[in-house]
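For reference, the structure discussed in these notes is given below.
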Amino acid sequence: MRKINVAVVGATGAVGTQMINMLTETSLPINQIKFLASKRSAGKTIAFKGQEFTIEELVPESFEGVDLALFSAGGGISEKFAPEAVKRGAIVVDNTSHFRMQEGVPLVVPEVNPEALKTHQGIIANPNCSTIQMMVALEPIRQAYGLKRIIVSTYQAVSGAGNLAMDELKQQTQAFLDGVPKDEIPANILPAGGDKKHYPLAFNALPQIDVFAEEGYTYEEWKMVNETKKIMEDSQIKVSATCVRIPVLTGHSESIYIETEKPATVSEVQEILTNAAGVTLEDDPSQQIYPQALNSVGSKSTFVGRIRKDLDEEKGIHMWVVSDNLLKGAAWNSVQIAEKMFEMDLLGK
Ligand code: A2P
């Protein structure tokens, strides 16, 4: 039986930690595994399946003999080191946005477009966390009724911005509860590490994720637009996004409005989603059942509820879609891509 050697890049990070969790329960036959991070972490240890592993500093030679490299250490690290991994024969599944829109790089949600994996040239991109859960929920509806338009507003958790941002939210929350005046609350990371101003997230909602780009939209919003068109292979589909950071640790929520080609009833959509891969329907207003960020934590599923017809538009449907952004939005989707590639005989030859 084929066995594969795996490297996790960014093994100490918020996503990297979850990648390791996902690898403990993967169906992939792992031969060797190594954990890579910055010089700061080199020498520390990580437990994996009851064994202690020493974290190594990431260098180009780290990838000698590696079949699969899972990257989640920031776009700059992927830009520099993913080609080094490919050069040494590894397949890279990259969780950053760096390669996503490049031609020849499949952008894959395994429930939606696994066939795209066949076109890879060494690097496969994992889509943006908010895009992934939206694709899982909408693709089954698109298959049945066609999809003309998507308008989405996100309510995104802070873990998407990494461990330091999570720590900062906890400190800010405590500072607020301790009565520290608003202007003295420490804020150094959000809304975007690379931007000029920083605001507290605790008890707040920030309508900016990543920096601003064209037409008044942020990069996060453009990611949702462009990635949707690439994954669905439909340049005509209309997509518009508003991305908002809220003080939730883990679990992205999305309010999604769609217009289908053919009209669909609520019960038809519910039935389609009940049978859809990767989806859990939680939709019973009479019992106050709907997806909640807190309940999504630790699950690989995408939860859908609050499905209702638009009051004016015959082909318009609203829904609420929630998923663990570190799992389906990142670590699980990456490991699932690797499992799919192994299944398709594209990995570990
Ligand atoms: P380290 O912990 O050694 O800094 P997060 O997304 O939670 O912010 O985590 C970022 C991840 O990227 C961490 O594992 C971090 O490792 C890793 N990382 C940051 N800079 C580098 C680098 N220069 N080389 C390798 N890994 C890095």
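Ordering of the structure tokens sets the chain letters (A, B, ...), residue numbers begin anew at 1 in every chain, and ligands are numbered from 1 in the order given.
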Pick out the residues no farther than 8 Å from ligand 1, counting only C-alpha atoms and all ligand atoms, and list them as a PDB file with all heavy atoms, in the first residue's frame.
ATOM      1  N   VAL A   9       3.148  23.087   7.521  1.00  0.00           N
ATOM      2  CA  VAL A   9       3.868  24.364   7.589  1.00  0.00           C
ATOM      3  C   VAL A   9       2.988  25.380   8.319  1.00  0.00           C
ATOM      4  O   VAL A   9       1.874  25.662   7.879  1.00  0.00           O
ATOM      5  CB  VAL A   9       4.203  24.885   6.169  1.00  0.00           C
ATOM      6  CG1 VAL A   9       4.988  26.189   6.259  1.00  0.00           C
ATOM      7  CG2 VAL A   9       4.968  23.837   5.385  1.00  0.00           C
ATOM      8  N   GLY A  10       3.523  25.920   9.417  1.00  0.00           N
ATOM      9  CA  GLY A  10       2.706  26.786  10.273  1.00  0.00           C
ATOM     10  C   GLY A  10       2.008  25.946  11.331  1.00  0.00           C
ATOM     11  O   GLY A  10       0.874  26.217  11.730  1.00  0.00           O
ATOM     12  N   ALA A  11       2.734  24.914  11.793  1.00  0.00           N
ATOM     13  CA  ALA A  11       2.143  23.891  12.667  1.00  0.00           C
ATOM     14  C   ALA A  11       1.697  24.435  14.024  1.00  0.00           C
ATOM     15  O   ALA A  11       0.883  23.806  14.703  1.00  0.00           O
ATOM     16  CB  ALA A  11       3.132  22.754  12.865  1.00  0.00           C
ATOM     17  N   THR A  12       2.234  25.604  14.412  1.00  0.00           N
ATOM     18  CA  THR A  12       1.874  26.154  15.726  1.00  0.00           C
ATOM     19  C   THR A  12       0.704  27.134  15.641  1.00  0.00           C
ATOM     20  O   THR A  12       0.235  27.628  16.663  1.00  0.00           O
ATOM     21  CB  THR A  12       3.076  26.920  16.325  1.00  0.00           C
ATOM     22  OG1 THR A  12       3.522  27.843  15.318  1.00  0.00           O
ATOM     23  CG2 THR A  12       4.212  25.973  16.680  1.00  0.00           C
ATOM     24  N   GLY A  13       0.233  27.436  14.436  1.00  0.00           N
ATOM     25  CA  GLY A  13      -0.797  28.468  14.264  1.00  0.00           C
ATOM     26  C   GLY A  13      -2.198  27.958  14.525  1.00  0.00           C
ATOM     27  O   GLY A  13      -2.420  26.767  14.789  1.00  0.00           O
ATOM     28  N   ALA A  14      -3.169  28.874  14.427  1.00  0.00           N
ATOM     29  CA  ALA A  14      -4.573  28.533  14.696  1.00  0.00           C
ATOM     30  C   ALA A  14      -5.054  27.462  13.716  1.00  0.00           C
ATOM     31  O   ALA A  14      -5.696  26.479  14.118  1.00  0.00           O
ATOM     32  CB  ALA A  14      -5.442  29.790  14.581  1.00  0.00           C
ATOM     33  N   VAL A  15      -4.729  27.618  12.438  1.00  0.00           N
ATOM     34  CA  VAL A  15      -5.146  26.624  11.438  1.00  0.00           C
ATOM     35  C   VAL A  15      -4.243  25.396  11.507  1.00  0.00           C
ATOM     36  O   VAL A  15      -4.718  24.254  11.456  1.00  0.00           O
ATOM     37  CB  VAL A  15      -5.148  27.233  10.014  1.00  0.00           C
ATOM     38  CG1 VAL A  15      -5.393  26.163   8.967  1.00  0.00           C
ATOM     39  CG2 VAL A  15      -6.207  28.331   9.914  1.00  0.00           C
ATOM     40  N   GLY A  16      -2.924  25.624  11.660  1.00  0.00           N
ATOM     41  CA  GLY A  16      -1.974  24.517  11.715  1.00  0.00           C
ATOM     42  C   GLY A  16      -2.332  23.517  12.813  1.00  0.00           C
ATOM     43  O   GLY A  16      -2.281  22.303  12.609  1.00  0.00           O
ATOM     44  N   LEU A  36       6.571  22.091  10.870  1.00  0.00           N
ATOM     45  CA  LEU A  36       7.452  23.207  10.546  1.00  0.00           C
ATOM     46  C   LEU A  36       6.825  24.523  10.986  1.00  0.00           C
ATOM     47  O   LEU A  36       5.616  24.721  10.856  1.00  0.00           O
ATOM     48  CB  LEU A  36       7.701  23.242   9.031  1.00  0.00           C
ATOM     49  CG  LEU A  36       8.247  21.938   8.423  1.00  0.00           C
ATOM     50  CD1 LEU A  36       8.157  21.982   6.898  1.00  0.00           C
ATOM     51  CD2 LEU A  36       9.680  21.693   8.868  1.00  0.00           C
ATOM     52  N   ALA A  37       7.676  25.393  11.512  1.00  0.00           N
ATOM     53  CA  ALA A  37       7.206  26.739  11.898  1.00  0.00           C
ATOM     54  C   ALA A  37       8.416  27.676  11.824  1.00  0.00           C
ATOM     55  O   ALA A  37       9.409  27.360  11.160  1.00  0.00           O
ATOM     56  CB  ALA A  37       6.582  26.705  13.287  1.00  0.00           C
ATOM     57  N   SER A  38       8.315  28.830  12.493  1.00  0.00           N
ATOM     58  CA  SER A  38       9.428  29.784  12.425  1.00  0.00           C
ATOM     59  C   SER A  38      10.527  29.351  13.396  1.00  0.00           C
ATOM     60  O   SER A  38      10.336  28.456  14.215  1.00  0.00           O
ATOM     61  CB  SER A  38       8.934  31.177  12.785  1.00  0.00           C
ATOM     62  OG  SER A  38       8.777  31.273  14.182  1.00  0.00           O
ATOM     63  N   LYS A  39      11.629  30.077  13.301  1.00  0.00           N
ATOM     64  CA  LYS A  39      12.769  29.845  14.203  1.00  0.00           C
ATOM     65  C   LYS A  39      12.320  29.919  15.667  1.00  0.00           C
ATOM     66  O   LYS A  39      12.817  29.194  16.515  1.00  0.00           O
ATOM     67  CB  LYS A  39      13.772  30.975  13.931  1.00  0.00           C
ATOM     68  CG  LYS A  39      15.208  30.607  14.102  1.00  0.00           C
ATOM     69  CD  LYS A  39      16.017  31.872  13.905  1.00  0.00           C
ATOM     70  CE  LYS A  39      17.356  31.538  13.296  1.00  0.00           C
ATOM     71  NZ  LYS A  39      17.925  32.624  12.562  1.00  0.00           N
ATOM     72  N   ARG A  40      11.346  30.826  15.933  1.00  0.00           N
ATOM     73  CA  ARG A  40      10.879  31.018  17.310  1.00  0.00           C
ATOM     74  C   ARG A  40      10.371  29.729  17.933  1.00  0.00           C
ATOM     75  O   ARG A  40      10.491  29.516  19.133  1.00  0.00           O
ATOM     76  CB  ARG A  40       9.724  32.051  17.343  1.00  0.00           C
ATOM     77  CG  ARG A  40      10.093  33.436  16.921  1.00  0.00           C
ATOM     78  CD  ARG A  40       8.866  34.347  16.951  1.00  0.00           C
ATOM     79  NE  ARG A  40       7.888  34.042  15.901  1.00  0.00           N
ATOM     80  CZ  ARG A  40       7.958  34.510  14.650  1.00  0.00           C
ATOM     81  NH1 ARG A  40       8.944  35.300  14.311  1.00  0.00           N
ATOM     82  NH2 ARG A  40       7.037  34.181  13.754  1.00  0.00           N
ATOM     83  N   SER A  41       9.762  28.872  17.120  1.00  0.00           N
ATOM     84  CA  SER A  41       9.158  27.643  17.662  1.00  0.00           C
ATOM     85  C   SER A  41      10.066  26.430  17.549  1.00  0.00           C
ATOM     86  O   SER A  41       9.768  25.390  18.142  1.00  0.00           O
ATOM     87  CB  SER A  41       7.858  27.332  16.918  1.00  0.00           C
ATOM     88  OG  SER A  41       7.001  28.432  16.962  1.00  0.00           O
ATOM     89  N   ALA A  42      11.149  26.554  16.762  1.00  0.00           N
ATOM     90  CA  ALA A  42      12.020  25.380  16.541  1.00  0.00           C
ATOM     91  C   ALA A  42      12.513  24.849  17.880  1.00  0.00           C
ATOM     92  O   ALA A  42      12.925  25.613  18.756  1.00  0.00           O
ATOM     93  CB  ALA A  42      13.183  25.778  15.644  1.00  0.00           C
ATOM     94  N   GLU A  57      12.546  24.347  12.156  1.00  0.00           N
ATOM     95  CA  GLU A  57      12.471  25.626  11.443  1.00  0.00           C
ATOM     96  C   GLU A  57      12.271  25.356   9.949  1.00  0.00           C
ATOM     97  O   GLU A  57      12.938  24.493   9.371  1.00  0.00           O
ATOM     98  CB  GLU A  57      13.750  26.432  11.650  1.00  0.00           C
ATOM     99  CG  GLU A  57      13.676  27.776  10.955  1.00  0.00           C
ATOM    100  CD  GLU A  57      14.990  28.554  10.980  1.00  0.00           C
ATOM    101  OE1 GLU A  57      15.953  28.124  11.647  1.00  0.00           O
ATOM    102  OE2 GLU A  57      15.034  29.602  10.311  1.00  0.00           O
ATOM    103  N   LEU A  58      11.354  26.094   9.344  1.00  0.00           N
ATOM    104  CA  LEU A  58      11.077  25.943   7.914  1.00  0.00           C
ATOM    105  C   LEU A  58      12.265  26.437   7.084  1.00  0.00           C
ATOM    106  O   LEU A  58      12.661  27.605   7.194  1.00  0.00           O
ATOM    107  CB  LEU A  58       9.821  26.751   7.561  1.00  0.00           C
ATOM    108  CG  LEU A  58       9.487  26.901   6.087  1.00  0.00           C
ATOM    109  CD1 LEU A  58       9.119  25.567   5.463  1.00  0.00           C
ATOM    110  CD2 LEU A  58       8.341  27.898   5.909  1.00  0.00           C
ATOM    111  N   VAL A  59      12.823  25.555   6.273  1.00  0.00           N
ATOM    112  CA  VAL A  59      13.863  25.914   5.296  1.00  0.00           C
ATOM    113  C   VAL A  59      13.536  25.151   4.005  1.00  0.00           C
ATOM    114  O   VAL A  59      12.762  24.185   4.054  1.00  0.00           O
ATOM    115  CB  VAL A  59      15.295  25.544   5.792  1.00  0.00           C
ATOM    116  CG1 VAL A  59      15.740  26.418   6.943  1.00  0.00           C
ATOM    117  CG2 VAL A  59      15.376  24.065   6.177  1.00  0.00           C
ATOM    118  N   SER A  72       0.005  26.725   6.042  1.00  0.00           N
ATOM    119  CA  SER A  72      -0.838  27.765   6.630  1.00  0.00           C
ATOM    120  C   SER A  72       0.007  28.666   7.523  1.00  0.00           C
ATOM    121  O   SER A  72      -0.157  28.699   8.746  1.00  0.00           O
ATOM    122  CB  SER A  72      -1.993  27.146   7.429  1.00  0.00           C
ATOM    123  OG  SER A  72      -2.911  28.164   7.755  1.00  0.00           O
ATOM    124  N   ALA A  73       0.927  29.379   6.904  1.00  0.00           N
ATOM    125  CA  ALA A  73       1.826  30.247   7.672  1.00  0.00           C
ATOM    126  C   ALA A  73       1.859  31.653   7.075  1.00  0.00           C
ATOM    127  O   ALA A  73       2.801  32.411   7.320  1.00  0.00           O
ATOM    128  CB  ALA A  73       3.229  29.636   7.699  1.00  0.00           C
ATOM    129  N   GLY A  74       0.829  32.006   6.299  1.00  0.00           N
ATOM    130  CA  GLY A  74       0.779  33.336   5.689  1.00  0.00           C
ATOM    131  C   GLY A  74       1.209  33.295   4.225  1.00  0.00           C
ATOM    132  O   GLY A  74       1.983  32.421   3.806  1.00  0.00           O
ATOM    133  N   ILE A  77       5.022  33.373   3.174  1.00  0.00           N
ATOM    134  CA  ILE A  77       5.724  32.092   3.378  1.00  0.00           C
ATOM    135  C   ILE A  77       5.353  31.134   2.247  1.00  0.00           C
ATOM    136  O   ILE A  77       6.211  30.443   1.691  1.00  0.00           O
ATOM    137  CB  ILE A  77       5.333  31.476   4.754  1.00  0.00           C
ATOM    138  CG1 ILE A  77       5.758  32.400   5.891  1.00  0.00           C
ATOM    139  CG2 ILE A  77       5.920  30.072   4.909  1.00  0.00           C
ATOM    140  CD1 ILE A  77       7.236  32.513   6.111  1.00  0.00           C
ATOM    141  N   SER A 159     -10.875  33.911  14.988  1.00  0.00           N
ATOM    142  CA  SER A 159      -9.813  32.906  14.808  1.00  0.00           C
ATOM    143  C   SER A 159      -9.313  32.882  13.369  1.00  0.00           C
ATOM    144  O   SER A 159      -8.188  32.447  13.119  1.00  0.00           O
ATOM    145  CB  SER A 159     -10.282  31.516  15.226  1.00  0.00           C
ATOM    146  OG  SER A 159     -11.473  31.176  14.562  1.00  0.00           O
ATOM    147  N   GLY A 160     -10.134  33.377  12.428  1.00  0.00           N
ATOM    148  CA  GLY A 160      -9.692  33.483  11.038  1.00  0.00           C
ATOM    149  C   GLY A 160      -8.496  34.405  10.899  1.00  0.00           C
ATOM    150  O   GLY A 160      -7.762  34.349   9.915  1.00  0.00           O
ATOM    151  N   ALA A 161      -8.298  35.284  11.884  1.00  0.00           N
ATOM    152  CA  ALA A 161      -7.161  36.218  11.829  1.00  0.00           C
ATOM    153  C   ALA A 161      -5.965  35.691  12.613  1.00  0.00           C
ATOM    154  O   ALA A 161      -4.953  36.382  12.740  1.00  0.00           O
ATOM    155  CB  ALA A 161      -7.592  37.584  12.350  1.00  0.00           C
ATOM    156  N   GLY A 162      -6.073  34.469  13.148  1.00  0.00           N
ATOM    157  CA  GLY A 162      -4.910  33.841  13.795  1.00  0.00           C
ATOM    158  C   GLY A 162      -4.937  33.900  15.315  1.00  0.00           C
ATOM    159  O   GLY A 162      -5.785  34.557  15.931  1.00  0.00           O
ATOM    160  N   ASN A 163      -3.967  33.197  15.895  1.00  0.00           N
ATOM    161  CA  ASN A 163      -3.895  33.067  17.360  1.00  0.00           C
ATOM    162  C   ASN A 163      -3.729  34.410  18.074  1.00  0.00           C
ATOM    163  O   ASN A 163      -4.327  34.638  19.121  1.00  0.00           O
ATOM    164  CB  ASN A 163      -2.701  32.176  17.738  1.00  0.00           C
ATOM    165  CG  ASN A 163      -3.067  30.706  17.643  1.00  0.00           C
ATOM    166  OD1 ASN A 163      -4.235  30.331  17.792  1.00  0.00           O
ATOM    167  ND2 ASN A 163      -2.075  29.866  17.391  1.00  0.00           N
ATOM    168  N   LEU A 164      -2.910  35.290  17.511  1.00  0.00           N
ATOM    169  CA  LEU A 164      -2.649  36.560  18.199  1.00  0.00           C
ATOM    170  C   LEU A 164      -3.912  37.408  18.265  1.00  0.00           C
ATOM    171  O   LEU A 164      -4.188  38.075  19.268  1.00  0.00           O
ATOM    172  CB  LEU A 164      -1.526  37.341  17.493  1.00  0.00           C
ATOM    173  CG  LEU A 164      -0.141  36.686  17.549  1.00  0.00           C
ATOM    174  CD1 LEU A 164       0.876  37.489  16.756  1.00  0.00           C
ATOM    175  CD2 LEU A 164       0.322  36.519  19.001  1.00  0.00           C
ATOM    176  N   ALA A 165      -4.700  37.352  17.185  1.00  0.00           N
ATOM    177  CA  ALA A 165      -5.961  38.119  17.171  1.00  0.00           C
ATOM    178  C   ALA A 165      -6.939  37.552  18.201  1.00  0.00           C
ATOM    179  O   ALA A 165      -7.673  38.308  18.860  1.00  0.00           O
ATOM    180  CB  ALA A 165      -6.565  38.096  15.768  1.00  0.00           C
TER     181      ALA A 165
END
Could you give me the residues within segment 168-236 of chain A that DSSP places in alpha helix (DSSP H), as a ChimeraX atom specification?
/A:168-177,219-231
Restricting the calculation to only C-alpha atoms, which member of A:Leu68, A:Cys129, A:Ile151, A:Val112 is positioned closest to Trp332 of chain A?
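Closest to Trp332 of chain A, using only C-alpha atoms: A:Cys129.
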Which residue is closest to Lys340 of chain A? Choose from A:Glu111, A:Gly76, A:Ile55, A:Gly194 and count only C-alpha atoms.
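Among A:Glu111, A:Gly76, A:Ile55, A:Gly194, it is A:Glu111 that comes nearest to Lys340 of chain A.
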Mind running segment 92-137 of chain A against segment 247-263 of chain A at 10 Å and telling me each contacting residue's nearest atom pair with the distance in Å (one decimal), counting only C-alpha atoms, chain and number ascending, as a tab-separated table?
residue	atom	partner	partner_atom	distance
A:Cys129	CA	A:His252	CA	8.2
A:Ser130	CA	A:His252	CA	7.1
A:Gln133	CA	A:His252	CA	8.7
A:Met134	CA	A:Glu254	CA	7.9
A:Ala137	CA	A:Ile256	CA	9.9
Give me the residues within 12 Å of Asn21 of chain A as an mmCIF file with N, CA and C atoms, in the first residue's frame, counting only C-alpha atoms and dropping any in the same chain fewer than 6 places off.
data_model
loop_
_atom_site.group_PDB
_atom_site.id
_atom_site.type_symbol
_atom_site.label_atom_id
_atom_site.label_comp_id
_atom_site.auth_asym_id
_atom_site.auth_seq_id
_atom_site.Cartn_x
_atom_site.Cartn_y
_atom_site.Cartn_z
ATOM 1 N N VAL A 8 3.608 19.741 7.814
ATOM 2 C CA VAL A 8 2.639 20.794 8.153
ATOM 3 C C VAL A 8 3.426 22.088 8.355
ATOM 4 N N ALA A 11 2.734 24.914 11.793
ATOM 5 C CA ALA A 11 2.143 23.891 12.667
ATOM 6 C C ALA A 11 1.697 24.435 14.024
ATOM 7 N N THR A 12 2.234 25.604 14.412
ATOM 8 C CA THR A 12 1.874 26.154 15.726
ATOM 9 C C THR A 12 0.704 27.134 15.641
ATOM 10 N N ALA A 14 -3.169 28.874 14.427
ATOM 11 C CA ALA A 14 -4.573 28.533 14.696
ATOM 12 C C ALA A 14 -5.054 27.462 13.716
ATOM 13 N N VAL A 15 -4.729 27.618 12.438
ATOM 14 C CA VAL A 15 -5.146 26.624 11.438
ATOM 15 C C VAL A 15 -4.243 25.396 11.507
ATOM 16 N N ILE A 46 5.472 18.968 19.679
ATOM 17 C CA ILE A 46 4.049 18.817 19.374
ATOM 18 C C ILE A 46 3.724 17.336 19.524
ATOM 19 N N ALA A 47 2.594 17.046 20.170
ATOM 20 C CA ALA A 47 2.179 15.642 20.312
ATOM 21 C C ALA A 47 1.295 15.262 19.127
ATOM 22 N N PHE A 48 1.571 14.105 18.543
ATOM 23 C CA PHE A 48 0.758 13.609 17.424
ATOM 24 C C PHE A 48 0.603 12.110 17.587
ATOM 25 N N LYS A 49 -0.628 11.666 17.717
ATOM 26 C CA LYS A 49 -0.934 10.247 17.903
ATOM 27 C C LYS A 49 -0.074 9.614 18.993
ATOM 28 N N GLY A 298 -15.861 22.526 16.110
ATOM 29 C CA GLY A 298 -15.436 21.126 16.199
ATOM 30 C C GLY A 298 -16.085 20.230 15.159
ATOM 31 N N SER A 299 -17.047 20.770 14.383
ATOM 32 C CA SER A 299 -17.715 19.950 13.372
ATOM 33 C C SER A 299 -17.147 20.237 11.981
ATOM 34 N N LYS A 300 -17.129 19.207 11.152
ATOM 35 C CA LYS A 300 -16.652 19.386 9.773
ATOM 36 C C LYS A 300 -17.780 19.849 8.857
ATOM 37 N N LEU A 326 -12.150 27.228 11.113
ATOM 38 C CA LEU A 326 -10.823 26.603 11.188
ATOM 39 C C LEU A 326 -10.853 25.188 10.618
ATOM 40 N N LEU A 327 -12.055 24.569 10.573
ATOM 41 C CA LEU A 327 -12.153 23.187 10.071
ATOM 42 C C LEU A 327 -12.588 23.183 8.610
ATOM 43 N N ALA A 331 -8.616 23.892 7.830
ATOM 44 C CA ALA A 331 -7.847 22.649 8.032
ATOM 45 C C ALA A 331 -8.534 21.422 7.443
ATOM 46 N N TRP A 332 -9.840 21.269 7.702
ATOM 47 C CA TRP A 332 -10.519 20.078 7.189
ATOM 48 C C TRP A 332 -10.588 20.111 5.667
ATOM 49 N N VAL A 335 -7.193 18.958 4.360
ATOM 50 C CA VAL A 335 -6.932 17.522 4.528
ATOM 51 C C VAL A 335 -7.889 16.717 3.650
#
What residues in segment 101-233 of chain A get the DSSP label strand (DSSP E)? Please answer as an MDAnalysis selection string.
chainID A and resid 123:125 147:156
Could you write out the selected residues, including N, CA, C and O atoms, as a short mmCIF file (atom, residue, chain, number, x, y, z; two decimals), in the first residue's frame?
data_model
loop_
_atom_site.label_atom_id
_atom_site.label_comp_id
_atom_site.auth_asym_id
_atom_site.auth_seq_id
_atom_site.Cartn_x
_atom_site.Cartn_y
_atom_site.Cartn_z
N ILE A 123 0.56 22.67 -7.02
CA ILE A 123 -0.05 23.45 -5.95
C ILE A 123 -1.58 23.42 -6.09
O ILE A 123 -2.10 23.66 -7.20
N ILE A 124 -2.25 23.15 -4.99
CA ILE A 124 -3.71 23.24 -4.96
C ILE A 124 -4.05 24.28 -3.90
O ILE A 124 -3.50 24.28 -2.80
N ALA A 125 -4.95 25.19 -4.24
CA ALA A 125 -5.31 26.24 -3.29
C ALA A 125 -6.59 25.88 -2.55
O ALA A 125 -7.54 25.37 -3.14
N LEU A 147 -28.25 29.16 -10.69
CA LEU A 147 -27.97 30.26 -9.75
C LEU A 147 -27.55 31.49 -10.55
O LEU A 147 -26.60 31.44 -11.32
N LYS A 148 -28.30 32.60 -10.35
CA LYS A 148 -28.00 33.82 -11.10
C LYS A 148 -27.22 34.81 -10.26
O LYS A 148 -26.40 35.56 -10.76
N ARG A 149 -27.59 34.85 -8.96
CA ARG A 149 -27.05 35.95 -8.15
C ARG A 149 -26.88 35.53 -6.70
O ARG A 149 -27.72 34.79 -6.17
N ILE A 150 -25.82 36.04 -6.06
CA ILE A 150 -25.58 35.80 -4.63
C ILE A 150 -25.27 37.16 -3.98
O ILE A 150 -24.41 37.89 -4.47
N ILE A 151 -25.98 37.45 -2.91
CA ILE A 151 -25.61 38.62 -2.08
C ILE A 151 -25.39 38.09 -0.67
O ILE A 151 -26.30 37.50 -0.08
N VAL A 152 -24.17 38.25 -0.16
CA VAL A 152 -23.84 37.65 1.13
C VAL A 152 -23.30 38.70 2.09
O VAL A 152 -22.56 39.59 1.70
N SER A 153 -23.73 38.59 3.35
CA SER A 153 -23.12 39.37 4.44
C SER A 153 -22.56 38.38 5.44
O SER A 153 -23.27 37.46 5.85
N THR A 154 -21.29 38.55 5.80
CA THR A 154 -20.67 37.59 6.71
C THR A 154 -20.56 38.16 8.12
O THR A 154 -20.50 39.38 8.31
N TYR A 155 -20.54 37.25 9.07
CA TYR A 155 -20.35 37.59 10.48
C TYR A 155 -19.20 36.68 10.92
O TYR A 155 -19.42 35.56 11.35
N GLN A 156 -17.95 37.16 10.76
CA GLN A 156 -16.80 36.27 10.83
C GLN A 156 -16.10 36.27 12.19
O GLN A 156 -15.92 37.33 12.81
#
To one decimal place, how far is atom CA of Asp283 of chain A from atom CA of Pro127 of chain A in Å?
26.4 Å
Using only C-alpha atoms, which residues sit within 8 Å of Ile307 of chain A once same-chain residues fewer than 3 positions away are excluded, as a short mmCIF file (atom, residue, chain, number, x, y, z; two decimals) with N, CA and C atoms, in the first residue's frame?
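File produced: result_19.cif:
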data_model
loop_
_atom_site.label_atom_id
_atom_site.label_comp_id
_atom_site.auth_asym_id
_atom_site.auth_seq_id
_atom_site.Cartn_x
_atom_site.Cartn_y
_atom_site.Cartn_z
N VAL A 266 -39.42 26.42 -0.40
CA VAL A 266 -38.58 26.22 0.79
C VAL A 266 -38.40 24.73 1.05
N VAL A 269 -35.87 23.14 -1.32
CA VAL A 269 -34.49 23.48 -0.96
C VAL A 269 -34.07 22.70 0.28
N GLN A 270 -34.96 22.60 1.24
CA GLN A 270 -34.64 21.84 2.47
C GLN A 270 -34.32 20.39 2.12
N ASP A 283 -33.17 23.60 10.49
CA ASP A 283 -34.13 24.59 10.01
C ASP A 283 -35.55 24.28 10.50
N VAL A 304 -27.02 24.76 7.68
CA VAL A 304 -27.88 25.69 6.95
C VAL A 304 -29.28 25.73 7.59
N ILE A 317 -34.24 33.60 -2.49
CA ILE A 317 -34.26 32.79 -1.26
C ILE A 317 -33.21 33.33 -0.30
N HIS A 318 -33.58 33.37 0.98
CA HIS A 318 -32.63 33.79 2.03
C HIS A 318 -32.27 32.58 2.89
N MET A 319 -31.06 32.58 3.41
CA MET A 319 -30.68 31.51 4.34
C MET A 319 -29.54 31.96 5.25
N TRP A 320 -29.31 31.17 6.28
CA TRP A 320 -28.26 31.44 7.28
C TRP A 320 -27.33 30.23 7.28
#
Just the residues within 10 Å of Asn128 of chain A, please, counting only C-alpha atoms, with nothing from its chain fewer than 6 positions along; format it as a PyMOL selection string.
chain A and resi 95-97+100+107+160+220+223-224+227-228+325+329-330
With a distance cut-off of 8 Å and only C-alpha atoms, select the neighbouring residues of Phe99 of chain A, excluding the residue or stretch itself and same-chain residues fewer than 5 positions from it, and output the selection as JSON, numbers by chain.
{"A": [79, 94, 105, 125]}
Atom pair atom CA of Lys229 of chain A / atom CA of Thr265 of chain A: separation (Å)
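That distance, rounded to one decimal, is 25.2 Å.
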